[in-house]
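Structure data (PDB, C-alpha atoms) from final_33.pdb:
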```pdb
MODEL        1
ATOM      1  CA  MET T   1      21.114  71.588 146.716
ATOM      2  CA  ASP T   2      22.722  74.070 144.351
ATOM      3  CA  ILE T   3      26.116  75.519 143.482
ATOM      4  CA  ASN T   4      25.905  78.040 146.355
ATOM      5  CA  THR T   5      25.393  75.228 148.876
ATOM      6  CA  ILE T   6      28.336  73.283 147.438
ATOM      7  CA  ALA T   7      30.511  76.405 147.729
ATOM      8  CA  LYS T   8      29.491  76.967 151.349
ATOM      9  CA  MET T   9      30.118  73.334 152.339
ATOM     10  CA  ALA T  10      33.530  73.338 150.624
ATOM     11  CA  GLY T  11      34.511  76.698 152.074
ATOM     12  CA  VAL T  12      35.216  78.226 148.661
ATOM     13  CA  SER T  13      33.610  80.858 146.474
ATOM     14  CA  ARG T  14      30.756  80.203 144.090
ATOM     15  CA  ALA T  15      33.077  81.195 141.208
ATOM     16  CA  THR T  16      35.573  78.502 142.233
ATOM     17  CA  VAL T  17      32.882  75.828 142.160
ATOM     18  CA  SER T  18      31.749  77.098 138.768
ATOM     19  CA  ARG T  19      35.304  76.822 137.410
ATOM     20  CA  TYR T  20      35.544  73.303 138.856
ATOM     21  CA  PHE T  21      32.466  72.118 136.953
ATOM     22  CA  ASN T  22      33.544  73.861 133.740
ATOM     23  CA  ASN T  23      37.110  72.500 133.738
ATOM     24  CA  GLY T  24      38.632  75.873 134.600
ATOM     25  CA  TYR T  25      41.633  76.454 136.834
ATOM     26  CA  VAL T  26      41.170  75.396 140.457
ATOM     27  CA  SER T  27      44.061  74.638 142.829
ATOM     28  CA  GLU T  28      44.579  70.953 143.522
ATOM     29  CA  GLU T  29      43.684  71.372 147.214
ATOM     30  CA  LYS T  30      40.380  73.129 146.476
ATOM     31  CA  ARG T  31      39.621  70.676 143.679
ATOM     32  CA  ARG T  32      39.940  67.755 146.121
ATOM     33  CA  THR T  33      37.738  69.539 148.682
ATOM     34  CA  ILE T  34      34.998  70.280 146.146
ATOM     35  CA  ALA T  35      35.184  66.740 144.744
ATOM     36  CA  LYS T  36      34.690  65.321 148.243
ATOM     37  CA  VAL T  37      31.597  67.486 148.840
ATOM     38  CA  VAL T  38      30.176  66.545 145.437
ATOM     39  CA  GLU T  39      30.721  62.856 146.188
ATOM     40  CA  GLN T  40      29.089  63.151 149.623
ATOM     41  CA  THR T  41      26.043  65.012 148.341
ATOM     42  CA  GLY T  42      25.669  63.338 144.944
ATOM     43  CA  TYR T  43      25.227  66.796 143.432
ATOM     44  CA  VAL T  44      24.951  66.990 139.634
ATOM     45  CA  PRO T  45      25.037  70.466 138.047
ATOM     46  CA  SER T  46      22.129  71.481 135.841
ATOM     47  CA  GLN T  47      23.070  70.795 132.216
ATOM     48  CA  GLN T  48      20.649  73.461 131.084
ATOM     49  CA  ALA T  49      22.190  76.069 133.409
ATOM     50  CA  GLN T  50      25.697  75.141 132.264
ATOM     51  CA  THR T  51      24.656  75.477 128.629
ATOM     52  CA  LEU T  52      23.159  78.920 129.225
ATOM     53  CA  ARG T  53      26.255  80.046 131.104
ATOM     54  CA  THR T  54      28.991  78.625 128.839
ATOM     55  CA  GLY T  55      27.238  78.227 125.494
ATOM     56  CA  LYS T  56      28.428  74.606 125.461
ATOM     57  CA  THR T  57      26.424  71.394 125.842
ATOM     58  CA  ASN T  58      29.289  68.859 125.956
ATOM     59  CA  LEU T  59      27.187  66.857 123.498
ATOM     60  CA  VAL T  60      28.239  65.631 120.050
ATOM     61  CA  GLY T  61      25.666  64.570 117.488
ATOM     62  CA  VAL T  62      26.349  61.540 115.261
ATOM     63  CA  ILE T  63      23.934  60.990 112.367
ATOM     64  CA  LEU T  64      24.273  57.481 110.945
ATOM     65  CA  PRO T  65      22.494  55.506 108.219
ATOM     66  CA  LYS T  66      22.097  52.143 109.981
ATOM     67  CA  VAL T  67      23.412  51.176 113.396
ATOM     68  CA  ASN T  68      23.604  47.421 112.617
ATOM     69  CA  SER T  69      25.923  47.929 109.632
ATOM     70  CA  TYR T  70      29.395  46.422 110.125
ATOM     71  CA  ALA T  71      31.101  49.488 108.623
ATOM     72  CA  VAL T  72      29.051  51.942 110.686
ATOM     73  CA  GLY T  73      29.638  49.888 113.831
ATOM     74  CA  ARG T  74      33.397  50.074 113.314
ATOM     75  CA  MET T  75      33.217  53.826 112.666
ATOM     76  CA  LEU T  76      31.215  54.318 115.864
ATOM     77  CA  ALA T  77      33.768  52.281 117.804
ATOM     78  CA  GLY T  78      36.481  54.656 116.621
ATOM     79  CA  ILE T  79      34.427  57.745 117.409
ATOM     80  CA  SER T  80      33.519  56.455 120.870
ATOM     81  CA  LEU T  81      37.150  55.696 121.723
ATOM     82  CA  SER T  82      38.176  59.232 120.796
ATOM     83  CA  PHE T  83      35.558  60.803 123.055
ATOM     84  CA  ALA T  84      36.058  58.358 125.952
ATOM     85  CA  ASP T  85      38.484  60.559 127.903
ATOM     86  CA  THR T  86      36.792  63.873 127.136
ATOM     87  CA  PRO T  87      33.794  65.681 128.681
ATOM     88  CA  TYR T  88      31.751  64.989 125.551
ATOM     89  CA  GLN T  89      28.874  62.529 125.257
ATOM     90  CA  MET T  90      27.437  61.249 121.977
ATOM     91  CA  LEU T  91      23.854  61.566 120.759
ATOM     92  CA  LEU T  92      23.217  58.914 118.090
ATOM     93  CA  ALA T  93      20.595  59.516 115.399
ATOM     94  CA  ASP T  94      19.876  56.334 113.404
ATOM     95  CA  THR T  95      18.058  57.240 110.164
ATOM     96  CA  ASN T  96      17.614  53.674 108.850
ATOM     97  CA  ASN T  97      18.786  54.886 105.406
ATOM     98  CA  ASN T  98      15.944  57.403 105.207
ATOM     99  CA  LYS T  99      17.017  60.611 103.446
ATOM    100  CA  ASP T 100      14.199  62.666 104.940
ATOM    101  CA  ALA T 101      15.188  61.538 108.434
ATOM    102  CA  GLU T 102      18.783  62.618 107.742
ATOM    103  CA  VAL T 103      17.602  66.100 106.787
ATOM    104  CA  SER T 104      15.319  66.273 109.842
ATOM    105  CA  TYR T 105      18.188  65.438 112.187
ATOM    106  CA  LEU T 106      20.465  67.954 110.459
ATOM    107  CA  GLN T 107      17.776  70.597 110.953
ATOM    108  CA  LEU T 108      17.317  69.572 114.592
ATOM    109  CA  PHE T 109      21.026  69.849 115.309
ATOM    110  CA  ALA T 110      21.157  73.184 113.468
ATOM    111  CA  ASN T 111      19.141  74.744 116.289
ATOM    112  CA  ARG T 112      21.279  76.780 118.675
ATOM    113  CA  ASN T 113      22.857  74.944 121.618
ATOM    114  CA  GLN T 114      21.690  71.466 120.616
ATOM    115  CA  VAL T 115      25.219  70.044 120.222
ATOM    116  CA  ASP T 116      28.759  71.404 120.217
ATOM    117  CA  GLY T 117      29.727  69.471 117.086
ATOM    118  CA  LEU T 118      28.357  67.002 114.558
ATOM    119  CA  ILE T 119      29.641  63.924 112.702
ATOM    120  CA  PHE T 120      27.503  62.957 109.721
ATOM    121  CA  ILE T 121      28.069  59.400 108.437
ATOM    122  CA  ALA T 122      26.678  60.191 105.031
ATOM    123  CA  THR T 123      25.446  58.169 102.050
ATOM    124  CA  VAL T 124      23.798  60.708  99.734
ATOM    125  CA  PHE T 125      23.537  64.469  99.369
ATOM    126  CA  ASP T 126      20.641  66.300  97.757
ATOM    127  CA  GLN T 127      19.749  69.984  97.951
ATOM    128  CA  ALA T 128      17.802  69.512 101.184
ATOM    129  CA  HIS T 129      20.915  68.024 102.797
ATOM    130  CA  LEU T 130      23.101  70.869 101.561
ATOM    131  CA  ASP T 131      20.646  73.506 102.795
ATOM    132  CA  ALA T 132      20.446  71.891 106.243
ATOM    133  CA  ILE T 133      24.246  71.629 106.454
ATOM    134  CA  ALA T 134      24.615  75.304 105.493
ATOM    135  CA  ALA T 135      22.359  76.234 108.440
ATOM    136  CA  LEU T 136      24.529  74.447 111.022
ATOM    137  CA  LYS T 137      25.978  76.663 113.755
ATOM    138  CA  CYS T 138      28.462  74.060 115.010
ATOM    139  CA  PRO T 139      31.515  72.345 113.496
ATOM    140  CA  LEU T 140      30.755  69.459 111.122
ATOM    141  CA  VAL T 141      32.827  66.489 109.946
ATOM    142  CA  VAL T 142      31.434  64.333 107.127
ATOM    143  CA  LEU T 143      32.428  60.668 107.475
ATOM    144  CA  GLY T 144      32.248  58.149 104.631
ATOM    145  CA  GLN T 145      31.787  60.639 101.782
ATOM    146  CA  ASP T 146      33.771  63.495 100.267
ATOM    147  CA  LEU T 147      31.685  66.683 100.453
ATOM    148  CA  GLU T 148      33.378  69.618  98.757
ATOM    149  CA  GLY T 149      33.870  72.634 101.013
ATOM    150  CA  HIS T 150      33.516  70.626 104.222
ATOM    151  CA  THR T 151      35.928  68.544 106.258
ATOM    152  CA  SER T 152      35.521  64.966 105.051
ATOM    153  CA  VAL T 153      37.046  61.631 106.064
ATOM    154  CA  TYR T 154      36.308  58.972 103.459
ATOM    155  CA  ASN T 155      37.415  55.639 101.995
ATOM    156  CA  ASP T 156      39.138  55.265  98.642
ATOM    157  CA  ASP T 157      36.299  53.271  97.104
ATOM    158  CA  TYR T 158      37.282  53.896  93.495
ATOM    159  CA  ARG T 159      40.954  52.892  93.666
ATOM    160  CA  SER T 160      40.438  49.977  96.027
ATOM    161  CA  MET T 161      37.823  48.463  93.712
ATOM    162  CA  TYR T 162      39.913  49.216  90.620
ATOM    163  CA  TRP T 163      42.946  47.321  91.919
ATOM    164  CA  LEU T 164      40.922  44.445  93.334
ATOM    165  CA  VAL T 165      39.314  43.901  89.933
ATOM    166  CA  ARG T 166      42.646  44.143  88.098
ATOM    167  CA  LYS T 167      43.972  41.383  90.359
ATOM    168  CA  VAL T 168      41.054  38.982  89.928
ATOM    169  CA  LEU T 169      40.812  39.530  86.163
ATOM    170  CA  LYS T 170      44.196  37.831  85.821
ATOM    171  CA  HIS T 171      42.178  34.635  86.292
ATOM    172  CA  GLY T 172      38.804  35.612  84.812
ATOM    173  CA  GLU T 173      37.429  36.632  81.421
ATOM    174  CA  HIS T 174      33.720  37.211  81.994
ATOM    175  CA  PRO T 175      33.214  39.449  85.036
ATOM    176  CA  ALA T 176      29.873  40.628  86.403
ATOM    177  CA  TYR T 177      29.048  43.198  89.054
ATOM    178  CA  ILE T 178      26.497  43.494  91.845
ATOM    179  CA  GLY T 179      26.507  47.097  93.059
ATOM    180  CA  VAL T 180      24.332  49.363  95.164
ATOM    181  CA  LEU T 181      22.370  52.523  94.386
ATOM    182  CA  GLU T 182      24.595  55.102  92.705
ATOM    183  CA  GLU T 183      23.019  57.932  94.686
ATOM    184  CA  ASP T 184      25.578  56.749  97.224
ATOM    185  CA  GLU T 185      28.587  58.530  95.746
ATOM    186  CA  SER T 186      31.200  56.271  97.372
ATOM    187  CA  ALA T 187      29.790  52.761  97.796
ATOM    188  CA  GLY T 188      27.532  53.096  94.760
ATOM    189  CA  LYS T 189      29.102  55.236  92.067
ATOM    190  CA  GLY T 190      32.739  55.068  93.195
ATOM    191  CA  ARG T 191      32.928  51.271  93.409
ATOM    192  CA  HIS T 192      31.004  50.739  90.176
ATOM    193  CA  ARG T 193      33.245  53.170  88.300
ATOM    194  CA  GLY T 194      36.329  51.424  89.693
ATOM    195  CA  PHE T 195      34.988  48.087  88.439
ATOM    196  CA  LEU T 196      34.186  49.363  84.945
ATOM    197  CA  ASP T 197      37.492  51.221  84.528
ATOM    198  CA  ALA T 198      39.467  48.159  85.630
ATOM    199  CA  CYS T 199      37.591  45.982  83.144
ATOM    200  CA  ARG T 200      38.161  48.519  80.360
ATOM    201  CA  ASP T 201      41.880  48.759  81.095
ATOM    202  CA  ALA T 202      42.102  44.957  81.063
ATOM    203  CA  GLY T 203      40.439  44.892  77.648
ATOM    204  CA  VAL T 204      37.233  43.316  78.950
ATOM    205  CA  GLU T 205      33.751  44.470  77.924
ATOM    206  CA  VAL T 206      30.981  43.990  80.492
ATOM    207  CA  PRO T 207      27.464  43.651  79.005
ATOM    208  CA  PRO T 208      24.476  45.347  80.681
ATOM    209  CA  GLN T 209      22.981  42.015  81.793
ATOM    210  CA  ALA T 210      26.141  41.397  83.827
ATOM    211  CA  GLN T 211      25.512  44.451  86.029
ATOM    212  CA  THR T 212      22.769  44.860  88.607
ATOM    213  CA  VAL T 213      21.908  46.759  91.784
ATOM    214  CA  SER T 214      21.373  45.216  95.215
ATOM    215  CA  ALA T 215      20.499  46.268  98.728
ATOM    216  CA  PHE T 216      23.226  45.810 101.380
ATOM    217  CA  THR T 217      21.799  42.425 102.414
ATOM    218  CA  LEU T 218      22.589  38.741 102.024
ATOM    219  CA  ASP T 219      19.109  38.001 100.629
ATOM    220  CA  SER T 220      19.391  40.716  98.007
ATOM    221  CA  GLY T 221      22.864  39.478  97.066
ATOM    222  CA  TYR T 222      21.439  36.004  96.533
ATOM    223  CA  LEU T 223      18.633  37.270  94.278
ATOM    224  CA  CYS T 224      20.954  39.490  92.254
ATOM    225  CA  ALA T 225      23.429  36.633  91.750
ATOM    226  CA  GLU T 226      20.546  34.443  90.577
ATOM    227  CA  GLU T 227      19.573  37.156  88.094
ATOM    228  CA  ILE T 228      23.127  37.353  86.717
ATOM    229  CA  PHE T 229      23.681  33.578  86.505
ATOM    230  CA  ASP T 230      20.426  33.272  84.506
ATOM    231  CA  ALA T 231      21.109  36.238  82.193
ATOM    232  CA  TYR T 232      24.880  35.800  81.863
ATOM    233  CA  PRO T 233      25.721  32.109  82.426
ATOM    234  CA  GLU T 234      29.310  32.513  81.201
ATOM    235  CA  CYS T 235      30.090  34.692  84.249
ATOM    236  CA  ASP T 236      33.307  33.436  85.839
ATOM    237  CA  THR T 237      34.009  36.378  88.179
ATOM    238  CA  LEU T 238      31.364  38.052  90.323
ATOM    239  CA  VAL T 239      32.431  41.307  91.974
ATOM    240  CA  CYS T 240      30.161  42.510  94.801
ATOM    241  CA  ALA T 241      29.935  45.976  96.394
ATOM    242  CA  SER T 242      29.803  44.582  99.946
ATOM    243  CA  ASP T 243      30.629  41.456 101.913
ATOM    244  CA  ASN T 244      26.972  40.779 102.724
ATOM    245  CA  ILE T 245      26.091  40.843  99.033
ATOM    246  CA  ALA T 246      29.010  38.479  98.367
ATOM    247  CA  TYR T 247      27.821  36.009 101.040
ATOM    248  CA  GLY T 248      24.433  35.847  99.349
ATOM    249  CA  ALA T 249      26.086  35.418  95.948
ATOM    250  CA  MET T 250      28.266  32.564  97.254
ATOM    251  CA  THR T 251      25.198  30.754  98.590
ATOM    252  CA  CYS T 252      23.428  31.186  95.256
ATOM    253  CA  ALA T 253      26.474  29.969  93.294
ATOM    254  CA  LYS T 254      26.651  26.776  95.355
ATOM    255  CA  GLU T 255      22.943  26.116  94.846
ATOM    256  CA  TYR T 256      23.471  26.571  91.094
ATOM    257  CA  GLY T 257      26.134  23.886  91.259
ATOM    258  CA  LYS T 258      28.953  26.351  90.668
ATOM    259  CA  ARG T 259      32.201  25.784  92.524
ATOM    260  CA  VAL T 260      33.807  28.816  94.196
ATOM    261  CA  PRO T 261      36.413  29.719  93.000
ATOM    262  CA  GLU T 262      36.924  27.016  90.333
ATOM    263  CA  ASP T 263      33.822  27.964  88.299
ATOM    264  CA  VAL T 264      33.187  31.503  89.560
ATOM    265  CA  GLN T 265      35.330  33.860  91.594
ATOM    266  CA  ILE T 266      33.455  36.028  94.118
ATOM    267  CA  THR T 267      34.708  39.154  95.892
ATOM    268  CA  GLY T 268      33.306  41.576  98.477
ATOM    269  CA  VAL T 269      34.075  44.856 100.206
ATOM    270  CA  GLY T 270      34.391  45.407 103.958
ATOM    271  CA  ASP T 271      36.478  42.557 105.373
ATOM    272  CA  GLY T 272      33.966  41.795 108.107
ATOM    273  CA  ASP T 273      34.583  39.034 110.641
ATOM    274  CA  LEU T 274      32.617  36.475 108.601
ATOM    275  CA  SER T 275      34.850  36.973 105.572
ATOM    276  CA  ARG T 276      37.584  34.968 107.339
ATOM    277  CA  VAL T 277      35.346  32.063 108.435
ATOM    278  CA  VAL T 278      32.950  31.445 105.516
ATOM    279  CA  THR T 279      33.800  28.582 103.172
ATOM    280  CA  PRO T 280      35.663  29.449 101.067
ATOM    281  CA  THR T 281      37.107  32.480 102.830
ATOM    282  CA  LEU T 282      36.218  35.694 101.012
ATOM    283  CA  THR T 283      38.535  37.861  98.937
ATOM    284  CA  THR T 284      37.604  41.400  99.919
ATOM    285  CA  ILE T 285      38.727  44.985 100.493
ATOM    286  CA  HIS T 286      39.679  46.052 103.995
ATOM    287  CA  HIS T 287      38.707  49.669 104.669
ATOM    288  CA  HIS T 288      39.964  51.192 107.917
ATOM    289  CA  TYR T 289      36.527  52.126 109.270
ATOM    290  CA  LYS T 290      37.514  52.324 112.935
ATOM    291  CA  THR T 291      40.544  54.498 112.173
ATOM    292  CA  ALA T 292      38.367  56.743 110.002
ATOM    293  CA  GLY T 293      35.968  57.182 112.924
ATOM    294  CA  ARG T 294      38.820  58.103 115.247
ATOM    295  CA  GLU T 295      40.189  60.585 112.714
ATOM    296  CA  ALA T 296      36.790  62.257 112.260
ATOM    297  CA  ALA T 297      36.372  62.569 116.037
ATOM    298  CA  ARG T 298      39.912  63.930 116.457
ATOM    299  CA  ILE T 299      39.313  66.668 113.904
ATOM    300  CA  LEU T 300      35.939  67.536 115.434
ATOM    301  CA  LEU T 301      37.470  67.763 118.914
ATOM    302  CA  GLN T 302      40.042  70.244 117.608
ATOM    303  CA  ALA T 303      37.310  72.355 116.021
ATOM    304  CA  MET T 304      35.163  72.328 119.173
ATOM    305  CA  GLN T 305      38.173  73.416 121.205
ATOM    306  CA  GLY T 306      38.663  76.487 119.051
ATOM    307  CA  ALA T 307      41.023  75.377 116.276
ATOM    308  CA  PRO T 308      40.570  77.379 113.042
ATOM    309  CA  GLU T 309      37.895  75.781 110.858
ATOM    310  CA  VAL T 310      39.738  74.893 107.654
ATOM    311  CA  SER T 311      38.013  72.273 105.522
ATOM    312  CA  ARG T 312      40.114  69.168 104.936
ATOM    313  CA  GLU T 313      39.769  66.074 102.771
ATOM    314  CA  ILE T 314      41.230  62.940 104.321
ATOM    315  CA  ARG T 315      41.206  59.879 102.060
ATOM    316  CA  MET T 316      41.902  56.689 104.001
ATOM    317  CA  GLY T 317      44.125  53.868 102.806
ATOM    318  CA  TYR T 318      42.953  50.305 102.160
ATOM    319  CA  ASP T 319      44.188  46.715 101.949
ATOM    320  CA  ILE T 320      43.179  44.056  99.438
ATOM    321  CA  GLN T 321      42.715  40.692 101.155
ATOM    322  CA  ILE T 322      43.161  37.851  98.666
ATOM    323  CA  ARG T 323      41.598  34.691 100.065
ATOM    324  CA  ASN T 324      40.136  31.416  98.803
ATOM    325  CA  SER T 325      37.058  32.725  96.932
ATOM    326  CA  THR T 326      39.304  33.791  94.023
ATOM    327  CA  ARG T 327      41.854  31.904  91.941
ATOM    328  CA  SER T 328      45.521  32.596  92.557
TER
ENDMDL
END
```

Taking this structure as input, can you express it in the form of structure tokens?
Amino acid sequence: MDINTIAKMAGVSRATVSRYFNNGYVSEEKRRTIAKVVEQTGYVPSQQAQTLRTGKTNLVGVILPKVNSYAVGRMLAGISLSFADTPYQMLLADTNNNKDAEVSYLQLFANRNQVDGLIFIATVFDQAHLDAIAALKCPLVVLGQDLEGHTSVYNDDYRSMYWLVRKVLKHGEHPAYIGVLEEDESAGKGRHRGFLDACRDAGVEVPPQAQTVSAFTLDSGYLCAEEIFDAYPECDTLVCASDNIAYGAMTCAKEYGKRVPEDVQITGVGDGDLSRVVTPTLTTIHHHYKTAGREAARILLQAMQGAPEVSREIRMGYDIQIRNSTRS
């Protein structure tokens, strides 16, 4: 069974069947006839042959740092929704936060005819990343970071953290911070800088022992909170770079006999589902991850359909959710 057989059975030319499978113009009557033959025979055109003929794969690559992350999951939901009614299918590359794996996937997708477009949910950029990106032959949208010279859709990590901290410092005098690695320009450096600038503008000095670095896990948040409570017992406000870190910190605070929020305020970032059901409910920053994913996919679709490639920077909005883990 091949395209010639389909054409013969449908009583149309081979070129008409080719246009049918490649979304070209075919009259409604002939389209129905071909569709009926395809349904009867179960014929599926060769993807490899279509790629050679059209130069398109109808595949979109998505490189992501960790598939079980709440933020990444929401971004993927947005991306998937945007591609649902299109001919494109997604190829997911989960790097498990491994920089070398990110570069390897970028190099893989740089090969001709691997994918028609690429979304890179990024955390860090080193020279190997930049070299691999420069070699790409398909449109690219960077999601989650702002990469100069490339279309980027990213969260306002600095300002959201700055204004969260300014709010909670109205009821706190001795803040501490649990961040993440500052190689991550947004979640690491951006959030930490927002915290420090807010403290400075509020006239508060934060000692080195009141600042530490965590992994994006509950266990690590617990251990880092323990480290801060031991080194800086006067801490009355603990700002965390993610909700998971904050959950661990809340557990540690309770085991230290500290009441939340009476003795120590605790905040997170992410506004995951648990933030509304933990006790006390968590004050946090709501980033529009799903909308960001949809926006990245929308821009990529335009580029793959021939729109002029003009790099854009799209900074998403945010909401600060004040709940019961901070004093009002």

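Between atom CA of T:Tyr232 and atom CA of T:Gln209 the separation is 6.5 Å.
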
Pick out the residues sitting within 7 Å of T:Arg315, and hand them over as a JSON list (two decimals) with C-alpha atoms, in the frame of the given file; count only C-alpha atoms, and ignore anything fewer than 4 positions along from it in its own chain.
```
[["chain", "number", "residue", "atom", "x", "y", "z"],
["T", 153, "VAL", "CA", 37.05, 61.63, 106.06],
["T", 154, "TYR", "CA", 36.31, 58.97, 103.46],
["T", 155, "ASN", "CA", 37.42, 55.64, 102.00],
["T", 156, "ASP", "CA", 39.14, 55.26, 98.64]]
```

Using only C-alpha atoms, I'd like a table of the residues in stretch 121-219 of chain T that come within 9 Å of stretch 258-269 of chain T; for each, show the closest atom pair and its distance in Å rounded to one decimal, ordered by chain and ascending number, as JSON lines.
```
{"residue": "T:Met161", "atom": "CA", "partner": "T:Val269", "partner_atom": "CA", "distance": 8.3}
{"residue": "T:Leu164", "atom": "CA", "partner": "T:Thr267", "partner_atom": "CA", "distance": 8.6}
{"residue": "T:Val165", "atom": "CA", "partner": "T:Thr267", "partner_atom": "CA", "distance": 8.9}
{"residue": "T:Val168", "atom": "CA", "partner": "T:Gln265", "partner_atom": "CA", "distance": 7.9}
{"residue": "T:His171", "atom": "CA", "partner": "T:Gln265", "partner_atom": "CA", "distance": 8.7}
{"residue": "T:Gly172", "atom": "CA", "partner": "T:Gln265", "partner_atom": "CA", "distance": 7.8}
{"residue": "T:Pro175", "atom": "CA", "partner": "T:Gln265", "partner_atom": "CA", "distance": 8.9}
```

> Which residue gives the smallest distance to T:Glu148 among T:Val278, T:Val62, T:Ile314, T:Leu301, with only C-alpha atoms counted?
Replying inline: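 Between T:Val278, T:Val62, T:Ile314, T:Leu301, the residue approaching T:Glu148 most closely is T:Ile314.
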
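For the structure in this document, the set picked by the PyMOL selection byres ((chain T and resi 191) around 9) is Asp157, Tyr158, Arg159, Ser160, Met161, Tyr162, Gly179, Val180, Glu185, Ser186, Ala187, Gly188, Lys189, Gly190, His192, Arg193, Gly194, Phe195, Leu196 and Ala241 of chain T.
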
>> Expand the PyMOL selection byres ((chain T and resi 273) around 12) into the explicit residue set it covers here, and present it as a PyMOL selection string.
In response: chain T and resi 70-71+74+243-244+269-272+274-278+281-282+284+286

> Hey, which of T:Thr279, T:Gln305, T:Gln40, T:Ser328 ends up closest to T:Cys138? Count all atoms listed in the file.
Replying inline: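 Result for the nearest residue to T:Cys138: T:Gln305.
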
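Here the PyMOL selection byres ((chain T and resi 130) around 12) catches exactly these residues: Glu102, Val103, Leu106, Gln107, Ala122, Val124, Phe125, Asp126, Gln127, Ala128, His129, Asp131, Ala132, Ile133, Ala134, Ala135, Leu136, Val142, Leu147, Glu148, Gly149 and His150 of chain T.
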
Would you mind exporting C-alpha atoms of the selected residues as a JSON list (two decimals), in the frame of the given file?
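Dumped to part31.json:
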```
[["chain", "number", "residue", "atom", "x", "y", "z"],
["T", 102, "GLU", "CA", 18.78, 62.62, 107.74],
["T", 103, "VAL", "CA", 17.60, 66.10, 106.79],
["T", 106, "LEU", "CA", 20.46, 67.95, 110.46],
["T", 107, "GLN", "CA", 17.78, 70.60, 110.95],
["T", 122, "ALA", "CA", 26.68, 60.19, 105.03],
["T", 124, "VAL", "CA", 23.80, 60.71, 99.73],
["T", 125, "PHE", "CA", 23.54, 64.47, 99.37],
["T", 126, "ASP", "CA", 20.64, 66.30, 97.76],
["T", 127, "GLN", "CA", 19.75, 69.98, 97.95],
["T", 128, "ALA", "CA", 17.80, 69.51, 101.18],
["T", 129, "HIS", "CA", 20.92, 68.02, 102.80],
["T", 131, "ASP", "CA", 20.65, 73.51, 102.80],
["T", 132, "ALA", "CA", 20.45, 71.89, 106.24],
["T", 133, "ILE", "CA", 24.25, 71.63, 106.45],
["T", 134, "ALA", "CA", 24.62, 75.30, 105.49],
["T", 135, "ALA", "CA", 22.36, 76.23, 108.44],
["T", 136, "LEU", "CA", 24.53, 74.45, 111.02],
["T", 142, "VAL", "CA", 31.43, 64.33, 107.13],
["T", 147, "LEU", "CA", 31.68, 66.68, 100.45],
["T", 148, "GLU", "CA", 33.38, 69.62, 98.76],
["T", 149, "GLY", "CA", 33.87, 72.63, 101.01],
["T", 150, "HIS", "CA", 33.52, 70.63, 104.22]]
```

>> Report, in Å with one decimal, the straight-line distance from atom CA of T:Gly203 to atom CA of T:Tyr256.
In response: 28.4 Å

> From the set T:Arg327, T:Asn97, T:Val12, T:Ala231, which residue has the shortest atom-to-atom contact distance to T:Pro280, counting all atoms listed in the file?
Replying inline: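 Using all atoms listed in the file, T:Pro280 sits closest to T:Arg327.
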
Centre, edges in Å (one decimal): axis-aligned box, stretch 16-26 of chain T, 3 Å padding on all six sides, as AutoDock Vina command-line options:
```
--center_x 36.7 --center_y 75.3 --center_z 138.0 --size_x 15.9 --size_y 12.4 --size_z 14.5
```

> Leaving out T:Val206 and any residue of its chain fewer than 2 positions from it, which residues lie within 7 Å of it when counting all atoms listed in the file, given as a list in words?
Replying inline: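 Neighbouring residues, sequence-local ones excluded: Pro175, Ala176, Val204, Pro208 and Ala210 of chain T.
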
>> Using Å and a single decimal, report how far atom CA of T:Gln211 sits from atom CA of T:Leu143.
In response: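 Computed distance, atom CA of T:Leu143 to atom CA of T:Gln211, equals 27.8 Å.
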
>> Which residues are near T:Arg19? Cut-off 12 Å, only C-alpha atoms, ignore same chain within fewer than 2 positions. Put them as a PyMOL selection string.
In response: chain T and resi 3+7+12-17+21-27+30-31+34+50+53-54

Can I get the residues of stretch 226-313 of chain T within 10 Å of stretch 75-95 of chain T, each with the closest pair of atoms and their distance in Å to one decimal, using all atoms listed in the file, sorted chain first then ascending number, as JSON lines?
```
{"residue": "T:His288", "atom": "CA", "partner": "T:Met75", "partner_atom": "CA", "distance": 8.7}
{"residue": "T:Tyr289", "atom": "CA", "partner": "T:Met75", "partner_atom": "CA", "distance": 5.0}
{"residue": "T:Lys290", "atom": "CA", "partner": "T:Gly78", "partner_atom": "CA", "distance": 4.5}
{"residue": "T:Thr291", "atom": "CA", "partner": "T:Gly78", "partner_atom": "CA", "distance": 6.0}
{"residue": "T:Ala292", "atom": "CA", "partner": "T:Met75", "partner_atom": "CA", "distance": 6.5}
{"residue": "T:Gly293", "atom": "CA", "partner": "T:Met75", "partner_atom": "CA", "distance": 4.3}
{"residue": "T:Arg294", "atom": "CA", "partner": "T:Gly78", "partner_atom": "CA", "distance": 4.4}
{"residue": "T:Glu295", "atom": "CA", "partner": "T:Ile79", "partner_atom": "CA", "distance": 8.0}
{"residue": "T:Ala296", "atom": "CA", "partner": "T:Ile79", "partner_atom": "CA", "distance": 7.2}
{"residue": "T:Ala297", "atom": "CA", "partner": "T:Ile79", "partner_atom": "CA", "distance": 5.4}
{"residue": "T:Arg298", "atom": "CA", "partner": "T:Ser82", "partner_atom": "CA", "distance": 6.6}
{"residue": "T:Leu301", "atom": "CA", "partner": "T:Phe83", "partner_atom": "CA", "distance": 8.3}
```

> Of the residues T:Pro65, T:Gly248, T:Gly144, T:Pro207, which is the one nearest to T:Tyr222, using all atoms listed in the file?
Replying inline: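 Closest candidate: T:Gly248.
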
> So, counting only C-alpha atoms, which residue among T:Gly73, T:Gly61, T:Pro139, T:Gly257 is closest to T:Val115?
Replying inline: T:Gly61

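For the set T:Cys235, T:Leu118, T:Leu169, T:Leu64, the residue with the smallest atom-to-atom gap to T:Ala101 is T:Leu64, counting only C-alpha atoms.
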
>> List the spatial neighbours of T:Ala303 as a PyMOL selection string - criterion: any atom at most 9 Å away, all atoms listed in the file, same-chain residues fewer than 4 positions off excluded.
In response: chain T and resi 117+139-140+298-299+307-309
